[in-house]
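Text of the file query-v9.cif, holding mmCIF, C-alpha atoms:
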```cif
data_query
loop_
_atom_site.group_PDB
_atom_site.id
_atom_site.type_symbol
_atom_site.label_atom_id
_atom_site.label_comp_id
_atom_site.auth_asym_id
_atom_site.auth_seq_id
_atom_site.Cartn_x
_atom_site.Cartn_y
_atom_site.Cartn_z
ATOM 1 C CA MET D 26 -41.643 -39.917 -52.977
ATOM 2 C CA ARG D 27 -43.457 -41.530 -50.074
ATOM 3 C CA HIS D 28 -40.425 -40.941 -47.884
ATOM 4 C CA ALA D 29 -40.485 -37.216 -48.675
ATOM 5 C CA ILE D 30 -44.213 -36.976 -47.961
ATOM 6 C CA ARG D 31 -43.810 -38.820 -44.695
ATOM 7 C CA ASN D 32 -41.035 -36.433 -43.576
ATOM 8 C CA ARG D 33 -43.096 -33.419 -44.582
ATOM 9 C CA HIS D 34 -45.995 -34.629 -42.349
ATOM 10 C CA VAL D 35 -43.594 -35.276 -39.488
ATOM 11 C CA GLY D 36 -42.303 -31.721 -39.922
ATOM 12 C CA TYR D 37 -45.852 -30.345 -39.666
ATOM 13 C CA GLY D 38 -46.514 -32.486 -36.588
ATOM 14 C CA ILE D 39 -43.428 -31.200 -34.794
ATOM 15 C CA GLY D 40 -44.164 -27.594 -35.801
ATOM 16 C CA THR D 41 -47.738 -27.902 -34.579
ATOM 17 C CA ALA D 42 -46.621 -29.497 -31.308
ATOM 18 C CA LEU D 43 -44.082 -26.723 -30.734
ATOM 19 C CA GLY D 44 -46.694 -24.067 -31.489
ATOM 20 C CA VAL D 45 -49.200 -25.600 -29.053
ATOM 21 C CA SER D 46 -46.477 -25.911 -26.401
ATOM 22 C CA ALA D 47 -45.526 -22.253 -26.830
ATOM 23 C CA LEU D 48 -49.178 -21.201 -26.437
ATOM 24 C CA ALA D 49 -49.580 -23.332 -23.310
ATOM 25 C CA ILE D 50 -46.423 -21.878 -21.742
ATOM 26 C CA GLY D 51 -47.577 -18.361 -22.617
ATOM 27 C CA ALA D 52 -50.925 -18.999 -20.938
ATOM 28 C CA LEU D 53 -49.219 -20.270 -17.784
ATOM 29 C CA VAL D 54 -46.906 -17.276 -17.625
ATOM 30 C CA THR D 55 -49.776 -14.785 -17.915
ATOM 31 C CA ALA D 56 -52.211 -16.637 -15.604
ATOM 32 C CA PRO D 57 -52.697 -15.051 -12.165
ATOM 33 C CA ALA D 58 -51.423 -16.920 -9.116
ATOM 34 C CA ALA D 59 -54.015 -19.270 -7.646
ATOM 35 C CA SER D 60 -53.484 -17.995 -4.109
ATOM 36 C CA ALA D 61 -53.607 -14.259 -4.857
ATOM 37 C CA VAL D 62 -56.045 -12.154 -2.881
ATOM 38 C CA THR D 63 -56.018 -8.402 -3.388
ATOM 39 C CA ALA D 64 -55.840 -6.472 -0.136
ATOM 40 C CA ASP D 65 -54.854 -9.411 2.067
ATOM 41 C CA THR D 66 -55.294 -7.262 5.201
ATOM 42 C CA ALA D 67 -58.021 -4.781 6.039
ATOM 43 C CA THR D 68 -59.512 -2.929 8.982
ATOM 44 C CA ILE D 69 -63.142 -2.365 9.897
ATOM 45 C CA SER D 70 -65.100 -1.086 12.904
ATOM 46 C CA PHE D 71 -67.647 -3.184 14.812
ATOM 47 C CA GLU D 72 -70.396 -2.369 17.320
ATOM 48 C CA CYS D 73 -70.960 -5.279 19.697
ATOM 49 C CA GLY D 74 -73.751 -3.937 21.953
ATOM 50 C CA ALA D 75 -73.017 -4.337 25.680
ATOM 51 C CA PHE D 76 -69.689 -5.985 24.835
ATOM 52 C CA GLY D 77 -68.246 -2.794 23.339
ATOM 53 C CA SER D 78 -67.142 -1.427 20.029
ATOM 54 C CA GLY D 79 -63.903 -0.855 18.212
ATOM 55 C CA SER D 80 -61.733 -1.647 15.254
ATOM 56 C CA ALA D 81 -60.796 -5.038 13.906
ATOM 57 C CA LYS D 82 -57.947 -6.210 11.711
ATOM 58 C CA LEU D 83 -58.730 -8.950 9.190
ATOM 59 C CA THR D 84 -56.157 -11.024 7.323
ATOM 60 C CA ALA D 85 -57.226 -13.147 4.337
ATOM 61 C CA ALA D 86 -55.522 -15.949 2.440
ATOM 62 C CA HIS D 87 -56.716 -18.592 0.021
ATOM 63 C CA SER D 88 -55.734 -21.547 -2.073
ATOM 64 C CA GLY D 89 -58.128 -22.576 -4.813
ATOM 65 C CA THR D 90 -61.661 -22.389 -3.418
ATOM 66 C CA ASN D 91 -60.582 -22.636 0.240
ATOM 67 C CA ALA D 92 -60.087 -19.362 2.090
ATOM 68 C CA THR D 93 -59.195 -18.370 5.631
ATOM 69 C CA ILE D 94 -59.682 -15.135 7.496
ATOM 70 C CA SER D 95 -58.024 -14.346 10.804
ATOM 71 C CA LEU D 96 -59.344 -11.523 12.911
ATOM 72 C CA SER D 97 -58.359 -9.570 16.005
ATOM 73 C CA THR D 98 -60.675 -6.952 17.433
ATOM 74 C CA LYS D 99 -60.625 -4.332 20.136
ATOM 75 C CA ALA D 100 -64.440 -4.411 20.066
ATOM 76 C CA ILE D 101 -64.453 -7.449 22.378
ATOM 77 C CA THR D 102 -62.032 -8.053 25.239
ATOM 78 C CA SER D 103 -61.799 -11.206 27.294
ATOM 79 C CA PRO D 104 -63.137 -10.928 30.857
ATOM 80 C CA ILE D 105 -60.989 -13.881 31.971
ATOM 81 C CA ASP D 106 -58.046 -15.919 30.688
ATOM 82 C CA LEU D 107 -59.194 -18.041 27.758
ATOM 83 C CA GLY D 108 -57.441 -21.157 26.569
ATOM 84 C CA ALA D 109 -56.422 -21.766 22.997
ATOM 85 C CA ASN D 110 -59.185 -22.988 20.667
ATOM 86 C CA SER D 111 -61.995 -22.000 23.054
ATOM 87 C CA VAL D 112 -63.610 -19.175 21.043
ATOM 88 C CA LYS D 113 -66.168 -20.139 18.398
ATOM 89 C CA SER D 114 -66.540 -17.488 15.702
ATOM 90 C CA THR D 115 -68.667 -16.878 12.641
ATOM 91 C CA LEU D 116 -67.801 -14.039 10.271
ATOM 92 C CA THR D 117 -70.418 -13.172 7.653
ATOM 93 C CA MET D 118 -69.292 -11.242 4.595
ATOM 94 C CA THR D 119 -71.237 -9.798 1.683
ATOM 95 C CA ASN D 120 -70.164 -10.710 -1.823
ATOM 96 C CA HIS D 121 -70.321 -7.696 -4.154
ATOM 97 C CA GLY D 122 -72.578 -5.962 -1.606
ATOM 98 C CA SER D 123 -75.250 -8.683 -1.484
ATOM 99 C CA GLY D 124 -75.575 -12.340 -0.647
ATOM 100 C CA ALA D 125 -73.442 -13.842 2.073
ATOM 101 C CA LYS D 126 -70.349 -15.957 2.535
ATOM 102 C CA THR D 127 -69.708 -17.401 5.986
ATOM 103 C CA PHE D 128 -66.353 -18.165 7.591
ATOM 104 C CA THR D 129 -66.348 -20.247 10.773
ATOM 105 C CA GLY D 130 -63.952 -21.799 13.224
ATOM 106 C CA ASN D 131 -62.876 -22.220 16.801
ATOM 107 C CA SER D 132 -59.176 -21.652 16.403
ATOM 108 C CA ASN D 133 -57.663 -18.950 18.596
ATOM 109 C CA PRO D 134 -54.491 -18.359 20.577
ATOM 110 C CA ALA D 135 -54.645 -18.276 24.384
ATOM 111 C CA ILE D 136 -56.128 -14.898 25.340
ATOM 112 C CA PRO D 137 -55.240 -13.294 28.695
ATOM 113 C CA ALA D 138 -57.910 -11.453 30.726
ATOM 114 C CA GLY D 139 -58.448 -7.924 29.419
ATOM 115 C CA ALA D 140 -56.853 -8.625 26.021
ATOM 116 C CA GLU D 141 -58.577 -8.178 22.663
ATOM 117 C CA VAL D 142 -60.160 -11.249 21.133
ATOM 118 C CA SER D 143 -58.236 -12.893 18.303
ATOM 119 C CA THR D 144 -59.809 -15.661 16.296
ATOM 120 C CA GLY D 145 -58.952 -17.650 13.240
ATOM 121 C CA PRO D 146 -58.157 -18.860 10.839
ATOM 122 C CA LEU D 147 -61.873 -18.987 10.085
ATOM 123 C CA LYS D 148 -62.530 -21.224 7.096
ATOM 124 C CA GLY D 149 -64.842 -20.658 4.138
ATOM 125 C CA LYS D 150 -65.237 -21.148 0.404
ATOM 126 C CA VAL D 151 -64.592 -18.567 -2.310
ATOM 127 C CA ALA D 152 -64.792 -18.392 -6.077
ATOM 128 C CA ALA D 153 -62.730 -16.425 -8.552
ATOM 129 C CA GLY D 154 -64.164 -12.922 -8.776
ATOM 130 C CA ASP D 155 -65.615 -12.863 -5.233
ATOM 131 C CA SER D 156 -65.441 -9.427 -3.589
ATOM 132 C CA LEU D 157 -65.958 -9.925 0.149
ATOM 133 C CA GLU D 158 -66.548 -7.347 2.873
ATOM 134 C CA ALA D 159 -67.186 -8.112 6.561
ATOM 135 C CA LYS D 160 -70.686 -7.344 7.859
ATOM 136 C CA THR D 161 -71.244 -9.324 11.067
ATOM 137 C CA LEU D 162 -69.129 -11.216 13.561
ATOM 138 C CA LYS D 163 -70.557 -13.634 16.092
ATOM 139 C CA VAL D 164 -68.220 -14.734 18.894
ATOM 140 C CA VAL D 165 -69.191 -17.385 21.448
ATOM 141 C CA VAL D 166 -67.085 -17.521 24.625
ATOM 142 C CA LEU D 167 -68.034 -19.796 27.527
ATOM 143 C CA GLY D 168 -71.583 -20.054 26.164
ATOM 144 C CA VAL D 169 -72.030 -16.279 25.930
ATOM 145 C CA THR D 170 -72.640 -14.902 22.425
ATOM 146 C CA ALA D 171 -71.499 -11.460 21.328
ATOM 147 C CA THR D 172 -72.892 -10.304 17.981
ATOM 148 C CA CYS D 173 -71.027 -7.469 16.302
ATOM 149 C CA ASN D 174 -72.192 -5.421 13.328
ATOM 150 C CA ALA D 175 -69.875 -3.512 11.019
ATOM 151 C CA THR D 176 -70.166 0.258 11.452
ATOM 152 C CA SER D 177 -67.702 1.184 8.715
ATOM 153 C CA THR D 178 -66.634 -0.100 5.350
ATOM 154 C CA GLN D 179 -63.627 -2.344 5.124
ATOM 155 C CA SER D 180 -60.448 -0.392 4.445
ATOM 156 C CA PRO D 181 -58.644 -0.370 2.034
ATOM 157 C CA GLY D 182 -61.606 -2.231 0.512
ATOM 158 C CA PRO D 183 -63.159 -5.666 0.048
ATOM 159 C CA PHE D 184 -61.034 -8.784 -0.295
ATOM 160 C CA GLU D 185 -60.864 -9.567 -4.032
ATOM 161 C CA PHE D 186 -60.369 -13.250 -4.858
#
```

Do you think you could lay out the structure here as structure tokens?
Amino acid sequence: MRHAIRNRHVGYGIGTALGVSALAIGALVTAPAASAVTADTATISFECGAFGSGSAKLTAAHSGTNATISLSTKAITSPIDLGANSVKSTLTMTNHGSGAKTFTGNSNPAIPAGAEVSTGPLKGKVAAGDSLEAKTLKVVVLGVTATCNATSTQSPGPFEF
């Protein structure tokens, strides 16, 4: 009799383990990808005072809580040839229309005189559920700071993390 009881408990243990395993696999299959960002590219217009105005293209990516945004803009053009990694940039974004998330960096390709400024990846932190839209861009080149303010909404919409 003890042998039969012992086998019955083993049967329940295996059945329970299989059931828990099936639930865990189901949860993994239905979980969203950790690096998904909705609308990974967007455009927006900036006004940069004496430096000009124009459109910008933003590209976002993330892994976990680390995010990057690369940006190229016709709002600012380089007056001279600029070497790689010589542009310091700060992009400020609102989260759900309020608060601020900041992305910074000094990574850029070499930029020939007269070409639009490209900068990034700019690095920042995000959380699941963040909805980020660009508001200001500060670019420092050779000690000169250009501050740009968004004059349109981001299209097709905010970056959804």

*Please write as a list in words the full residue list that the PyMOL selection byres ((chain D and resi 89) around 9) yields on this file.*
Ala59, Ser60, His87, Ser88, Thr90, Asn91, Ala92, Lys150, Val151, Ala152 and Ala153 of chain D

_If we count only C-alpha atoms and set the cut-off at 6 Å, which residues sit around stretch 107-117 of chain D, ignoring sequence neighbours fewer than 6 positions away in its own chain? Please answer as a ChimeraX atom specification._
/D:126-136,160-166

Which residues would end up in the selection if the PyMOL selection byres ((chain D and resi 186) around 7) were applied here, given that I need the answer as a short mmCIF file (atom, residue, chain, number, x, y, z; two decimals) with C-alpha atoms, in the coordinates of the input?
```
data_model
loop_
_atom_site.label_atom_id
_atom_site.label_comp_id
_atom_site.auth_asym_id
_atom_site.auth_seq_id
_atom_site.Cartn_x
_atom_site.Cartn_y
_atom_site.Cartn_z
CA ALA D 61 -53.61 -14.26 -4.86
CA VAL D 62 -56.04 -12.15 -2.88
CA THR D 63 -56.02 -8.40 -3.39
CA ALA D 152 -64.79 -18.39 -6.08
CA ALA D 153 -62.73 -16.42 -8.55
CA GLY D 154 -64.16 -12.92 -8.78
CA ASP D 155 -65.61 -12.86 -5.23
CA SER D 156 -65.44 -9.43 -3.59
CA PHE D 184 -61.03 -8.78 -0.30
CA GLU D 185 -60.86 -9.57 -4.03
#
```

Taking the file as shown, find all residues satisfying the PyMOL selection byres ((chain D and resi 95-106) around 10) and write them as an mmCIF file with C-alpha atoms, in the coordinates of the input.
```
data_model
loop_
_atom_site.group_PDB
_atom_site.id
_atom_site.type_symbol
_atom_site.label_atom_id
_atom_site.label_comp_id
_atom_site.auth_asym_id
_atom_site.auth_seq_id
_atom_site.Cartn_x
_atom_site.Cartn_y
_atom_site.Cartn_z
ATOM 1 C CA THR D 66 -55.294 -7.262 5.201
ATOM 2 C CA ALA D 67 -58.021 -4.781 6.039
ATOM 3 C CA THR D 68 -59.512 -2.929 8.982
ATOM 4 C CA ILE D 69 -63.142 -2.365 9.897
ATOM 5 C CA SER D 70 -65.100 -1.086 12.904
ATOM 6 C CA PHE D 71 -67.647 -3.184 14.812
ATOM 7 C CA GLU D 72 -70.396 -2.369 17.320
ATOM 8 C CA CYS D 73 -70.960 -5.279 19.697
ATOM 9 C CA GLY D 74 -73.751 -3.937 21.953
ATOM 10 C CA ALA D 75 -73.017 -4.337 25.680
ATOM 11 C CA PHE D 76 -69.689 -5.985 24.835
ATOM 12 C CA GLY D 77 -68.246 -2.794 23.339
ATOM 13 C CA SER D 78 -67.142 -1.427 20.029
ATOM 14 C CA GLY D 79 -63.903 -0.855 18.212
ATOM 15 C CA SER D 80 -61.733 -1.647 15.254
ATOM 16 C CA ALA D 81 -60.796 -5.038 13.906
ATOM 17 C CA LYS D 82 -57.947 -6.210 11.711
ATOM 18 C CA LEU D 83 -58.730 -8.950 9.190
ATOM 19 C CA THR D 84 -56.157 -11.024 7.323
ATOM 20 C CA ALA D 85 -57.226 -13.147 4.337
ATOM 21 C CA ALA D 86 -55.522 -15.949 2.440
ATOM 22 C CA THR D 93 -59.195 -18.370 5.631
ATOM 23 C CA ILE D 94 -59.682 -15.135 7.496
ATOM 24 C CA LEU D 107 -59.194 -18.041 27.758
ATOM 25 C CA GLY D 108 -57.441 -21.157 26.569
ATOM 26 C CA ALA D 109 -56.422 -21.766 22.997
ATOM 27 C CA SER D 114 -66.540 -17.488 15.702
ATOM 28 C CA LEU D 116 -67.801 -14.039 10.271
ATOM 29 C CA PHE D 128 -66.353 -18.165 7.591
ATOM 30 C CA GLY D 130 -63.952 -21.799 13.224
ATOM 31 C CA SER D 132 -59.176 -21.652 16.403
ATOM 32 C CA ASN D 133 -57.663 -18.950 18.596
ATOM 33 C CA ALA D 135 -54.645 -18.276 24.384
ATOM 34 C CA ILE D 136 -56.128 -14.898 25.340
ATOM 35 C CA PRO D 137 -55.240 -13.294 28.695
ATOM 36 C CA ALA D 138 -57.910 -11.453 30.726
ATOM 37 C CA GLY D 139 -58.448 -7.924 29.419
ATOM 38 C CA ALA D 140 -56.853 -8.625 26.021
ATOM 39 C CA GLU D 141 -58.577 -8.178 22.663
ATOM 40 C CA VAL D 142 -60.160 -11.249 21.133
ATOM 41 C CA SER D 143 -58.236 -12.893 18.303
ATOM 42 C CA THR D 144 -59.809 -15.661 16.296
ATOM 43 C CA GLY D 145 -58.952 -17.650 13.240
ATOM 44 C CA PRO D 146 -58.157 -18.860 10.839
ATOM 45 C CA LEU D 147 -61.873 -18.987 10.085
ATOM 46 C CA LYS D 148 -62.530 -21.224 7.096
ATOM 47 C CA LEU D 162 -69.129 -11.216 13.561
ATOM 48 C CA VAL D 164 -68.220 -14.734 18.894
ATOM 49 C CA VAL D 166 -67.085 -17.521 24.625
ATOM 50 C CA ALA D 171 -71.499 -11.460 21.328
ATOM 51 C CA THR D 172 -72.892 -10.304 17.981
ATOM 52 C CA CYS D 173 -71.027 -7.469 16.302
#
```

*Just give me the gap between atom CA of D:Ala159 and atom CA of D:Gly124 in Å, one decimal is fine.*
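Taking atom CA of D:Ala159 and atom CA of D:Gly124, their separation equals 11.8 Å.
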
_Minimum-distance residue to D:Pro181, chosen among D:Met118, D:Asp65, D:Gly149, D:Ala125 (using all atoms listed in the file)_ =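 Using all atoms listed in the file, the shortest distance to D:Pro181 belongs to D:Asp65.
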
*State, in Å with one decimal place, the distance from atom CA of D:Gly122 to atom CA of D:Thr170.*
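Computing it gives 25.6 Å between the two atoms.
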
Report, as AutoDock Vina command-line options, the centre and edge lengths in Å (one decimal) of the axis-aligned box enclosing every listed atom of stretch 162-180 of chain D, padded by 8 Å on each side.
```
--center_x -66.7 --center_y -9.4 --center_z 16.0 --size_x 28.4 --size_y 37.2 --size_z 39.1
```
